[in-house]
>>> print(open('work-v4.txt').read())   # compact mmCIF, N, CA and C atoms
# COMPACT_ATOMS: atom_id res chain seq x y z
N MET P 1 -17.87 -28.70 10.93
CA MET P 1 -17.11 -29.30 12.01
C MET P 1 -16.47 -28.18 12.83
N ASN P 2 -16.74 -28.14 14.09
CA ASN P 2 -16.20 -27.10 14.94
C ASN P 2 -15.52 -27.68 16.16
N THR P 3 -15.04 -28.89 16.03
CA THR P 3 -14.41 -29.58 17.14
C THR P 3 -12.93 -29.23 17.20
N VAL P 4 -12.45 -28.92 18.39
CA VAL P 4 -11.03 -28.67 18.60
C VAL P 4 -10.48 -29.85 19.40
N LEU P 5 -9.61 -30.60 18.77
CA LEU P 5 -9.04 -31.76 19.43
C LEU P 5 -7.96 -31.32 20.42
N PRO P 6 -7.91 -31.92 21.60
CA PRO P 6 -6.94 -31.51 22.61
C PRO P 6 -5.49 -31.62 22.15
N GLU P 7 -5.20 -32.51 21.21
CA GLU P 7 -3.82 -32.67 20.75
C GLU P 7 -3.49 -31.78 19.55
N SER P 8 -4.45 -30.99 19.08
CA SER P 8 -4.20 -30.13 17.93
C SER P 8 -3.20 -29.04 18.28
N LEU P 9 -2.50 -28.57 17.27
CA LEU P 9 -1.55 -27.47 17.47
C LEU P 9 -2.30 -26.24 17.99
N TYR P 10 -3.49 -26.02 17.50
CA TYR P 10 -4.32 -24.91 17.98
C TYR P 10 -4.48 -24.97 19.50
N HIS P 11 -4.82 -26.12 20.00
CA HIS P 11 -5.01 -26.29 21.44
C HIS P 11 -3.68 -26.15 22.19
N ARG P 12 -2.63 -26.79 21.67
CA ARG P 12 -1.35 -26.78 22.36
C ARG P 12 -0.72 -25.39 22.41
N MET P 13 -1.01 -24.54 21.42
CA MET P 13 -0.43 -23.19 21.40
C MET P 13 -1.19 -22.21 22.28
N GLY P 14 -2.38 -22.58 22.70
CA GLY P 14 -3.15 -21.68 23.55
C GLY P 14 -4.41 -21.15 22.88
N GLY P 15 -4.74 -21.68 21.71
CA GLY P 15 -6.00 -21.37 21.06
C GLY P 15 -6.20 -19.91 20.68
N GLU P 16 -7.43 -19.47 20.85
CA GLU P 16 -7.85 -18.14 20.38
C GLU P 16 -6.97 -17.02 20.95
N LYS P 17 -6.70 -17.07 22.23
CA LYS P 17 -5.93 -16.00 22.87
C LYS P 17 -4.57 -15.83 22.20
N THR P 18 -3.86 -16.92 22.00
CA THR P 18 -2.54 -16.86 21.38
C THR P 18 -2.62 -16.41 19.94
N LEU P 19 -3.60 -16.91 19.20
CA LEU P 19 -3.72 -16.52 17.79
C LEU P 19 -4.07 -15.05 17.65
N ARG P 20 -4.90 -14.53 18.53
CA ARG P 20 -5.22 -13.08 18.49
C ARG P 20 -3.96 -12.27 18.72
N GLN P 21 -3.14 -12.69 19.68
CA GLN P 21 -1.88 -11.98 19.94
C GLN P 21 -0.96 -12.07 18.72
N LEU P 22 -0.85 -13.25 18.16
CA LEU P 22 0.01 -13.45 17.00
C LEU P 22 -0.41 -12.53 15.86
N VAL P 23 -1.70 -12.50 15.56
CA VAL P 23 -2.20 -11.70 14.44
C VAL P 23 -1.93 -10.21 14.68
N GLU P 24 -2.20 -9.73 15.87
CA GLU P 24 -1.97 -8.31 16.17
C GLU P 24 -0.49 -7.94 16.03
N LYS P 25 0.37 -8.71 16.63
CA LYS P 25 1.81 -8.42 16.59
C LYS P 25 2.37 -8.58 15.18
N PHE P 26 1.90 -9.59 14.47
CA PHE P 26 2.39 -9.85 13.12
C PHE P 26 2.05 -8.70 12.18
N TYR P 27 0.81 -8.25 12.19
CA TYR P 27 0.44 -7.20 11.24
C TYR P 27 1.03 -5.84 11.60
N ALA P 28 1.40 -5.63 12.83
CA ALA P 28 2.15 -4.42 13.18
C ALA P 28 3.50 -4.44 12.47
N LYS P 29 4.09 -5.62 12.35
CA LYS P 29 5.37 -5.77 11.65
C LYS P 29 5.18 -5.64 10.14
N VAL P 30 4.14 -6.26 9.62
CA VAL P 30 3.86 -6.20 8.18
C VAL P 30 3.68 -4.74 7.74
N ALA P 31 2.97 -3.96 8.53
CA ALA P 31 2.71 -2.56 8.19
C ALA P 31 3.99 -1.75 8.07
N GLN P 32 5.05 -2.18 8.75
CA GLN P 32 6.33 -1.47 8.74
C GLN P 32 7.33 -2.07 7.75
N ASP P 33 7.00 -3.18 7.15
CA ASP P 33 7.95 -3.87 6.28
C ASP P 33 7.89 -3.29 4.86
N PRO P 34 9.02 -2.82 4.34
CA PRO P 34 9.00 -2.19 3.01
C PRO P 34 8.64 -3.13 1.87
N ASP P 35 8.86 -4.42 2.05
CA ASP P 35 8.50 -5.39 1.00
C ASP P 35 7.03 -5.78 1.07
N LEU P 36 6.46 -5.80 2.25
CA LEU P 36 5.09 -6.29 2.43
C LEU P 36 4.03 -5.20 2.44
N ALA P 37 4.30 -4.09 3.07
CA ALA P 37 3.29 -3.04 3.23
C ALA P 37 2.63 -2.63 1.91
N PRO P 38 3.37 -2.55 0.80
CA PRO P 38 2.73 -2.10 -0.45
C PRO P 38 1.62 -3.02 -0.97
N ILE P 39 1.59 -4.28 -0.58
CA ILE P 39 0.55 -5.17 -1.11
C ILE P 39 -0.61 -5.36 -0.13
N PHE P 40 -0.59 -4.63 0.97
CA PHE P 40 -1.66 -4.71 1.96
C PHE P 40 -2.43 -3.40 2.00
N PRO P 41 -3.70 -3.47 2.39
CA PRO P 41 -4.48 -2.22 2.51
C PRO P 41 -3.99 -1.40 3.71
N ASP P 42 -4.33 -0.12 3.72
CA ASP P 42 -3.95 0.74 4.84
C ASP P 42 -4.64 0.30 6.13
N ASP P 43 -5.86 -0.17 6.00
CA ASP P 43 -6.63 -0.63 7.16
C ASP P 43 -6.55 -2.15 7.22
N PHE P 44 -5.94 -2.67 8.27
CA PHE P 44 -5.71 -4.11 8.41
C PHE P 44 -6.87 -4.84 9.09
N THR P 45 -7.93 -4.15 9.43
CA THR P 45 -9.01 -4.76 10.22
C THR P 45 -9.53 -6.05 9.59
N GLU P 46 -9.93 -6.00 8.34
CA GLU P 46 -10.49 -7.18 7.67
C GLU P 46 -9.42 -8.26 7.47
N VAL P 47 -8.23 -7.85 7.09
CA VAL P 47 -7.13 -8.79 6.87
C VAL P 47 -6.83 -9.56 8.15
N LYS P 48 -6.77 -8.85 9.27
CA LYS P 48 -6.47 -9.49 10.55
C LYS P 48 -7.55 -10.49 10.93
N GLU P 49 -8.81 -10.14 10.72
CA GLU P 49 -9.88 -11.06 11.08
C GLU P 49 -9.86 -12.31 10.19
N LYS P 50 -9.61 -12.12 8.92
CA LYS P 50 -9.51 -13.27 8.01
C LYS P 50 -8.32 -14.15 8.40
N GLN P 51 -7.20 -13.52 8.72
CA GLN P 51 -6.01 -14.29 9.12
C GLN P 51 -6.29 -15.07 10.40
N PHE P 52 -6.92 -14.44 11.37
CA PHE P 52 -7.26 -15.14 12.61
C PHE P 52 -8.14 -16.36 12.31
N LYS P 53 -9.15 -16.18 11.50
CA LYS P 53 -10.06 -17.29 11.18
C LYS P 53 -9.33 -18.39 10.42
N PHE P 54 -8.47 -17.97 9.48
CA PHE P 54 -7.73 -18.97 8.72
C PHE P 54 -6.78 -19.75 9.62
N LEU P 55 -5.99 -19.05 10.43
CA LEU P 55 -5.02 -19.73 11.29
C LEU P 55 -5.69 -20.64 12.31
N SER P 56 -6.86 -20.25 12.78
CA SER P 56 -7.60 -21.13 13.70
C SER P 56 -7.83 -22.48 13.04
N GLN P 57 -8.30 -22.44 11.83
CA GLN P 57 -8.58 -23.66 11.07
C GLN P 57 -7.29 -24.36 10.66
N PHE P 58 -6.31 -23.61 10.21
CA PHE P 58 -5.03 -24.14 9.73
C PHE P 58 -4.31 -24.95 10.80
N PHE P 59 -4.46 -24.55 12.06
CA PHE P 59 -3.78 -25.23 13.15
C PHE P 59 -4.66 -26.22 13.90
N GLY P 60 -5.82 -26.56 13.35
CA GLY P 60 -6.64 -27.60 13.94
C GLY P 60 -7.72 -27.13 14.88
N GLY P 61 -8.00 -25.85 14.87
CA GLY P 61 -9.07 -25.30 15.71
C GLY P 61 -10.37 -25.23 14.94
N PRO P 62 -11.27 -24.40 15.40
CA PRO P 62 -12.57 -24.27 14.73
C PRO P 62 -12.41 -23.85 13.27
N ASP P 63 -13.27 -24.36 12.42
CA ASP P 63 -13.18 -24.05 10.99
C ASP P 63 -13.87 -22.72 10.68
N LEU P 64 -13.43 -21.69 11.34
CA LEU P 64 -14.03 -20.35 11.24
C LEU P 64 -13.92 -19.77 9.84
N TYR P 65 -12.80 -19.99 9.19
CA TYR P 65 -12.62 -19.42 7.86
C TYR P 65 -13.60 -20.04 6.87
N SER P 66 -13.68 -21.35 6.85
CA SER P 66 -14.59 -22.02 5.91
C SER P 66 -16.04 -21.65 6.17
N GLN P 67 -16.40 -21.50 7.42
CA GLN P 67 -17.76 -21.10 7.75
C GLN P 67 -18.09 -19.71 7.20
N ALA P 68 -17.12 -18.82 7.26
CA ALA P 68 -17.35 -17.44 6.83
C ALA P 68 -17.15 -17.22 5.33
N TYR P 69 -16.16 -17.90 4.74
CA TYR P 69 -15.77 -17.57 3.38
C TYR P 69 -15.73 -18.76 2.42
N GLY P 70 -15.99 -19.95 2.89
CA GLY P 70 -15.88 -21.13 2.05
C GLY P 70 -14.47 -21.70 2.11
N HIS P 71 -14.18 -22.61 1.22
CA HIS P 71 -12.86 -23.26 1.20
C HIS P 71 -11.76 -22.20 1.11
N PRO P 72 -10.68 -22.36 1.86
CA PRO P 72 -9.63 -21.32 1.86
C PRO P 72 -9.02 -21.03 0.48
N MET P 73 -8.83 -22.03 -0.37
CA MET P 73 -8.22 -21.81 -1.69
C MET P 73 -7.11 -20.76 -1.58
N LEU P 74 -6.20 -20.98 -0.69
CA LEU P 74 -5.21 -19.99 -0.30
C LEU P 74 -4.44 -19.40 -1.48
N ARG P 75 -3.89 -20.24 -2.29
CA ARG P 75 -3.09 -19.73 -3.43
C ARG P 75 -3.97 -18.94 -4.39
N ALA P 76 -5.12 -19.45 -4.71
CA ALA P 76 -6.01 -18.75 -5.65
C ALA P 76 -6.42 -17.38 -5.11
N ARG P 77 -6.70 -17.29 -3.83
CA ARG P 77 -7.11 -16.01 -3.24
C ARG P 77 -5.97 -15.00 -3.23
N HIS P 78 -4.74 -15.47 -3.30
CA HIS P 78 -3.60 -14.56 -3.27
C HIS P 78 -3.03 -14.25 -4.67
N LEU P 79 -3.57 -14.85 -5.72
CA LEU P 79 -3.04 -14.61 -7.06
C LEU P 79 -3.08 -13.14 -7.49
N PRO P 80 -4.06 -12.36 -7.06
CA PRO P 80 -4.06 -10.94 -7.47
C PRO P 80 -2.89 -10.13 -6.90
N PHE P 81 -2.19 -10.68 -5.93
CA PHE P 81 -1.10 -9.95 -5.27
C PHE P 81 0.24 -10.53 -5.70
N PRO P 82 1.17 -9.68 -6.13
CA PRO P 82 2.47 -10.19 -6.57
C PRO P 82 3.31 -10.65 -5.38
N ILE P 83 3.35 -11.95 -5.20
CA ILE P 83 4.11 -12.54 -4.10
C ILE P 83 5.40 -13.12 -4.69
N THR P 84 6.47 -12.40 -4.44
CA THR P 84 7.79 -12.79 -4.93
C THR P 84 8.50 -13.61 -3.87
N PRO P 85 9.59 -14.27 -4.23
CA PRO P 85 10.38 -14.96 -3.21
C PRO P 85 10.83 -14.00 -2.10
N THR P 86 11.17 -12.78 -2.45
CA THR P 86 11.57 -11.78 -1.44
C THR P 86 10.43 -11.49 -0.49
N ARG P 87 9.23 -11.35 -1.01
CA ARG P 87 8.08 -11.08 -0.15
C ARG P 87 7.75 -12.29 0.72
N ALA P 88 7.89 -13.48 0.19
CA ALA P 88 7.65 -14.68 1.00
C ALA P 88 8.64 -14.71 2.16
N GLN P 89 9.90 -14.39 1.90
CA GLN P 89 10.91 -14.36 2.96
C GLN P 89 10.63 -13.25 3.97
N ALA P 90 10.17 -12.10 3.49
CA ALA P 90 9.82 -11.01 4.40
C ALA P 90 8.66 -11.42 5.31
N TRP P 91 7.68 -12.10 4.73
CA TRP P 91 6.52 -12.58 5.50
C TRP P 91 7.00 -13.56 6.58
N LEU P 92 7.87 -14.46 6.19
CA LEU P 92 8.40 -15.43 7.15
C LEU P 92 9.24 -14.76 8.23
N ARG P 93 10.01 -13.76 7.86
CA ARG P 93 10.82 -13.02 8.83
C ARG P 93 9.92 -12.34 9.87
N CYS P 94 8.84 -11.70 9.40
CA CYS P 94 7.90 -11.05 10.31
C CYS P 94 7.22 -12.08 11.22
N MET P 95 6.88 -13.22 10.65
CA MET P 95 6.21 -14.25 11.43
C MET P 95 7.17 -14.84 12.47
N HIS P 96 8.40 -15.08 12.07
CA HIS P 96 9.38 -15.62 13.01
C HIS P 96 9.60 -14.66 14.17
N ALA P 97 9.74 -13.38 13.87
CA ALA P 97 9.93 -12.37 14.92
C ALA P 97 8.70 -12.32 15.83
N THR P 98 7.53 -12.48 15.27
CA THR P 98 6.31 -12.47 16.07
C THR P 98 6.27 -13.67 17.00
N LEU P 99 6.59 -14.85 16.48
CA LEU P 99 6.58 -16.04 17.32
C LEU P 99 7.57 -15.90 18.47
N ASP P 100 8.69 -15.25 18.22
CA ASP P 100 9.67 -15.05 19.28
C ASP P 100 9.14 -14.17 20.41
N GLU P 101 8.14 -13.35 20.12
CA GLU P 101 7.55 -12.47 21.13
C GLU P 101 6.47 -13.17 21.96
N LEU P 102 6.01 -14.31 21.51
CA LEU P 102 4.93 -15.02 22.20
C LEU P 102 5.50 -16.02 23.20
N ASP P 103 4.74 -16.28 24.21
CA ASP P 103 5.14 -17.22 25.26
C ASP P 103 4.79 -18.64 24.82
N LEU P 104 5.61 -19.17 23.93
CA LEU P 104 5.40 -20.51 23.38
C LEU P 104 6.68 -21.31 23.53
N SER P 105 6.54 -22.61 23.63
CA SER P 105 7.73 -23.46 23.69
C SER P 105 8.43 -23.45 22.34
N ASP P 106 9.71 -23.74 22.36
CA ASP P 106 10.47 -23.81 21.12
C ASP P 106 9.88 -24.87 20.18
N GLU P 107 9.42 -25.96 20.76
CA GLU P 107 8.83 -27.03 19.95
C GLU P 107 7.61 -26.53 19.18
N ILE P 108 6.74 -25.80 19.84
CA ILE P 108 5.54 -25.29 19.18
C ILE P 108 5.92 -24.25 18.13
N LYS P 109 6.85 -23.36 18.45
CA LYS P 109 7.31 -22.37 17.48
C LYS P 109 7.86 -23.04 16.23
N GLN P 110 8.65 -24.09 16.42
CA GLN P 110 9.24 -24.80 15.29
C GLN P 110 8.15 -25.48 14.46
N GLU P 111 7.18 -26.05 15.13
CA GLU P 111 6.08 -26.71 14.41
C GLU P 111 5.28 -25.69 13.60
N MET P 112 5.03 -24.55 14.20
CA MET P 112 4.30 -23.50 13.49
C MET P 112 5.11 -22.98 12.31
N MET P 113 6.40 -22.70 12.53
CA MET P 113 7.23 -22.19 11.45
C MET P 113 7.34 -23.18 10.31
N ALA P 114 7.41 -24.45 10.60
CA ALA P 114 7.46 -25.46 9.53
C ALA P 114 6.24 -25.35 8.63
N ARG P 115 5.09 -25.17 9.23
CA ARG P 115 3.85 -25.02 8.45
C ARG P 115 3.86 -23.70 7.67
N PHE P 116 4.34 -22.63 8.32
CA PHE P 116 4.39 -21.32 7.66
C PHE P 116 5.36 -21.33 6.48
N ILE P 117 6.51 -21.98 6.65
CA ILE P 117 7.51 -22.03 5.58
C ILE P 117 6.94 -22.73 4.36
N MET P 118 6.33 -23.87 4.57
CA MET P 118 5.73 -24.62 3.47
C MET P 118 4.69 -23.77 2.75
N THR P 119 3.85 -23.08 3.51
CA THR P 119 2.79 -22.28 2.93
C THR P 119 3.35 -21.06 2.20
N ALA P 120 4.30 -20.38 2.80
CA ALA P 120 4.87 -19.18 2.17
C ALA P 120 5.49 -19.51 0.82
N HIS P 121 6.21 -20.61 0.73
CA HIS P 121 6.82 -20.99 -0.53
C HIS P 121 5.76 -21.36 -1.57
N HIS P 122 4.68 -21.95 -1.12
CA HIS P 122 3.58 -22.32 -2.01
C HIS P 122 2.89 -21.07 -2.57
N MET P 123 2.93 -19.98 -1.84
CA MET P 123 2.21 -18.76 -2.24
C MET P 123 2.95 -17.93 -3.27
N VAL P 124 4.23 -18.17 -3.47
CA VAL P 124 4.99 -17.39 -4.46
C VAL P 124 4.35 -17.56 -5.82
N ASN P 125 4.03 -16.42 -6.44
CA ASN P 125 3.35 -16.46 -7.74
C ASN P 125 3.97 -15.51 -8.76
N THR P 126 5.05 -14.83 -8.36
CA THR P 126 5.68 -13.84 -9.24
C THR P 126 7.20 -13.93 -9.06
N PRO P 127 7.95 -13.98 -10.16
CA PRO P 127 9.41 -13.96 -10.01
C PRO P 127 9.89 -12.60 -9.51
N GLU P 128 11.14 -12.54 -9.10
CA GLU P 128 11.70 -11.26 -8.61
C GLU P 128 11.65 -10.19 -9.68
>>> encode(input="work-v4.txt", output="structure tokens")
Amino acid sequence: MNTVLPESLYHRMGGEKTLRQLVEKFYAKVAQDPDLAPIFPDDFTEVKEKQFKFLSQFFGGPDLYSQAYGHPMLRARHLPFPITPTRAQAWLRCMHATLDELDLSDEIKQEMMARFIMTAHHMVNTPE
């Protein structure tokens, strides 16, 4: 299924262009974050492309991630990385700062953050 519905969050946020900007700005922040940088590779190229494909699908756009990698199985794919509550909060902080840099309505930012918050908390797999 590669249909993008006009009412999807993906469409309302500006689709591919906005997500590409989000991913670029977000990972620039992650690379500088002392809590997050240690669990990411030095080269973000593959991570950024996977994130772009995942977010496209996550927000109701084309199912690029599933086409390339199969079912997202988000938590399972992240189990090898120690994601603590502190790291989840750092990830959310970087994402919130990134959204503030994008030309999006407050309503769309809030809708996106609500989804990110739920997901970040679900990803925690290691205590402090």
>>> axis_aligned_box(input="work-v4.txt", around="region 74-82 of chain P", padding_each_side="4 Å", output="AutoDock Vina command-line options")
--center_x -1.9 --center_y -15.3 --center_z -3.9 --size_x 18.4 --size_y 19.3 --size_z 15.2
>>> atom_distance(input="work-v4.txt", atom1="CA of Arg115 (chain P)", atom2="atom N of Met95 (chain P)")
12.4 Å
>>> residues_around(input="work-v4.txt", residues="region 34-38 of chain P", least_positions_apart="6", cutoff="7 Å", atoms="all atoms listed in the file", output="MDAnalysis selection string")
chainID P and resid 86:87 90:91
>>> closest_residue(input="work-v4.txt", among="P:Ile39, P:Leu104, P:Met13, P:Met118", to="Leu79 (chain P)", atoms="only C-alpha atoms")
P:Ile39
>>> residues_around(input="work-v4.txt", residues="region 52-56 of chain P", least_positions_apart="3", cutoff="10 Å", atoms="only C-alpha atoms", output="number ranges by chain")
P: 4, 9-11, 15-16, 19-24, 46-49, 59-69, 72, 74
>>> atom_distance(input="work-v4.txt", atom1="CA of Phe44 (chain P)", atom2="atom N of Glu107 (chain P)")
29.3 Å
>>> closest_residue(input="work-v4.txt", among="P:Leu92, P:Leu102, P:Ala28, P:Met73", to="Ala114 (chain P)", atoms="only C-alpha atoms")
P:Leu92
>>> atom_distance(input="work-v4.txt", atom1="CA of Gln51 (chain P)", atom2="atom C of Tyr27 (chain P)")
11.3 Å
>>> closest_residue(input="work-v4.txt", among="P:Thr45, P:Ser105, P:Ser8, P:Gln89", to="His121 (chain P)", atoms="all atoms listed in the file")
P:Gln89
>>> build_atoms(input="work-v4.txt", residues="region 92-103 of chain P", atoms="all heavy atoms", output="mmCIF file, in the coordinates of the input")
data_model
loop_
_atom_site.group_PDB
_atom_site.id
_atom_site.type_symbol
_atom_site.label_atom_id
_atom_site.label_comp_id
_atom_site.auth_asym_id
_atom_site.auth_seq_id
_atom_site.Cartn_x
_atom_site.Cartn_y
_atom_site.Cartn_z
ATOM 1 N N LEU P 92 7.870 -14.460 6.190
ATOM 2 C CA LEU P 92 8.400 -15.430 7.150
ATOM 3 C C LEU P 92 9.240 -14.760 8.230
ATOM 4 O O LEU P 92 9.168 -15.130 9.401
ATOM 5 C CB LEU P 92 9.227 -16.501 6.428
ATOM 6 C CG LEU P 92 8.422 -17.498 5.598
ATOM 7 C CD1 LEU P 92 9.335 -18.315 4.696
ATOM 8 C CD2 LEU P 92 7.579 -18.398 6.497
ATOM 9 N N ARG P 93 10.010 -13.760 7.860
ATOM 10 C CA ARG P 93 10.820 -13.020 8.830
ATOM 11 C C ARG P 93 9.920 -12.340 9.870
ATOM 12 O O ARG P 93 10.186 -12.394 11.066
ATOM 13 C CB ARG P 93 11.672 -11.988 8.088
ATOM 14 C CG ARG P 93 12.825 -11.425 8.829
ATOM 15 C CD ARG P 93 13.753 -10.583 7.962
ATOM 16 N NE ARG P 93 13.085 -9.647 7.061
ATOM 17 C CZ ARG P 93 13.001 -9.788 5.742
ATOM 18 N NH1 ARG P 93 13.548 -10.830 5.138
ATOM 19 N NH2 ARG P 93 12.386 -8.891 4.995
ATOM 20 N N CYS P 94 8.840 -11.700 9.400
ATOM 21 C CA CYS P 94 7.900 -11.050 10.310
ATOM 22 C C CYS P 94 7.220 -12.080 11.220
ATOM 23 O O CYS P 94 7.036 -11.841 12.416
ATOM 24 C CB CYS P 94 6.835 -10.276 9.536
ATOM 25 S SG CYS P 94 7.437 -8.782 8.733
ATOM 26 N N MET P 95 6.880 -13.220 10.650
ATOM 27 C CA MET P 95 6.210 -14.250 11.430
ATOM 28 C C MET P 95 7.170 -14.840 12.470
ATOM 29 O O MET P 95 6.788 -15.064 13.620
ATOM 30 C CB MET P 95 5.648 -15.351 10.530
ATOM 31 C CG MET P 95 4.772 -16.346 11.255
ATOM 32 S SD MET P 95 3.361 -15.611 12.154
ATOM 33 C CE MET P 95 2.251 -15.267 10.775
ATOM 34 N N HIS P 96 8.400 -15.080 12.070
ATOM 35 C CA HIS P 96 9.380 -15.620 13.010
ATOM 36 C C HIS P 96 9.600 -14.660 14.170
ATOM 37 O O HIS P 96 9.628 -15.069 15.339
ATOM 38 C CB HIS P 96 10.697 -15.907 12.270
ATOM 39 C CG HIS P 96 11.674 -16.672 13.076
ATOM 40 N ND1 HIS P 96 12.572 -16.067 13.927
ATOM 41 C CD2 HIS P 96 11.887 -18.004 13.187
ATOM 42 C CE1 HIS P 96 13.295 -16.988 14.518
ATOM 43 N NE2 HIS P 96 12.898 -18.173 14.084
ATOM 44 N N ALA P 97 9.740 -13.380 13.870
ATOM 45 C CA ALA P 97 9.930 -12.370 14.920
ATOM 46 C C ALA P 97 8.700 -12.320 15.830
ATOM 47 O O ALA P 97 8.837 -12.163 17.047
ATOM 48 C CB ALA P 97 10.188 -11.006 14.291
ATOM 49 N N THR P 98 7.530 -12.480 15.270
ATOM 50 C CA THR P 98 6.310 -12.470 16.070
ATOM 51 C C THR P 98 6.270 -13.670 17.000
ATOM 52 O O THR P 98 5.970 -13.527 18.189
ATOM 53 C CB THR P 98 5.059 -12.484 15.150
ATOM 54 O OG1 THR P 98 5.088 -11.304 14.331
ATOM 55 C CG2 THR P 98 3.782 -12.512 15.959
ATOM 56 N N LEU P 99 6.590 -14.850 16.480
ATOM 57 C CA LEU P 99 6.580 -16.040 17.320
ATOM 58 C C LEU P 99 7.570 -15.900 18.470
ATOM 59 O O LEU P 99 7.291 -16.362 19.586
ATOM 60 C CB LEU P 99 6.898 -17.290 16.499
ATOM 61 C CG LEU P 99 5.813 -17.737 15.523
ATOM 62 C CD1 LEU P 99 6.302 -18.935 14.716
ATOM 63 C CD2 LEU P 99 4.515 -18.055 16.228
ATOM 64 N N ASP P 100 8.690 -15.250 18.220
ATOM 65 C CA ASP P 100 9.670 -15.050 19.280
ATOM 66 C C ASP P 100 9.140 -14.170 20.410
ATOM 67 O O ASP P 100 9.642 -14.223 21.519
ATOM 68 C CB ASP P 100 10.961 -14.458 18.715
ATOM 69 C CG ASP P 100 11.836 -15.510 18.044
ATOM 70 O OD1 ASP P 100 11.585 -16.721 18.245
ATOM 71 O OD2 ASP P 100 12.767 -15.113 17.320
ATOM 72 N N GLU P 101 8.140 -13.350 20.120
ATOM 73 C CA GLU P 101 7.550 -12.470 21.130
ATOM 74 C C GLU P 101 6.470 -13.170 21.960
ATOM 75 O O GLU P 101 6.025 -12.622 22.967
ATOM 76 C CB GLU P 101 6.945 -11.232 20.476
ATOM 77 C CG GLU P 101 7.964 -10.320 19.850
ATOM 78 C CD GLU P 101 7.324 -9.141 19.143
ATOM 79 O OE1 GLU P 101 6.112 -8.884 19.341
ATOM 80 O OE2 GLU P 101 8.035 -8.472 18.370
ATOM 81 N N LEU P 102 6.010 -14.310 21.510
ATOM 82 C CA LEU P 102 4.930 -15.020 22.200
ATOM 83 C C LEU P 102 5.500 -16.020 23.200
ATOM 84 O O LEU P 102 6.591 -16.537 23.031
ATOM 85 C CB LEU P 102 4.038 -15.745 21.187
ATOM 86 C CG LEU P 102 3.342 -14.846 20.161
ATOM 87 C CD1 LEU P 102 2.552 -15.706 19.177
ATOM 88 C CD2 LEU P 102 2.447 -13.820 20.826
ATOM 89 N N ASP P 103 4.740 -16.280 24.210
ATOM 90 C CA ASP P 103 5.140 -17.220 25.260
ATOM 91 C C ASP P 103 4.790 -18.640 24.820
ATOM 92 O O ASP P 103 3.787 -19.207 25.264
ATOM 93 C CB ASP P 103 4.443 -16.853 26.578
ATOM 94 C CG ASP P 103 4.930 -17.706 27.735
ATOM 95 O OD1 ASP P 103 6.059 -18.232 27.659
ATOM 96 O OD2 ASP P 103 4.171 -17.846 28.706
#
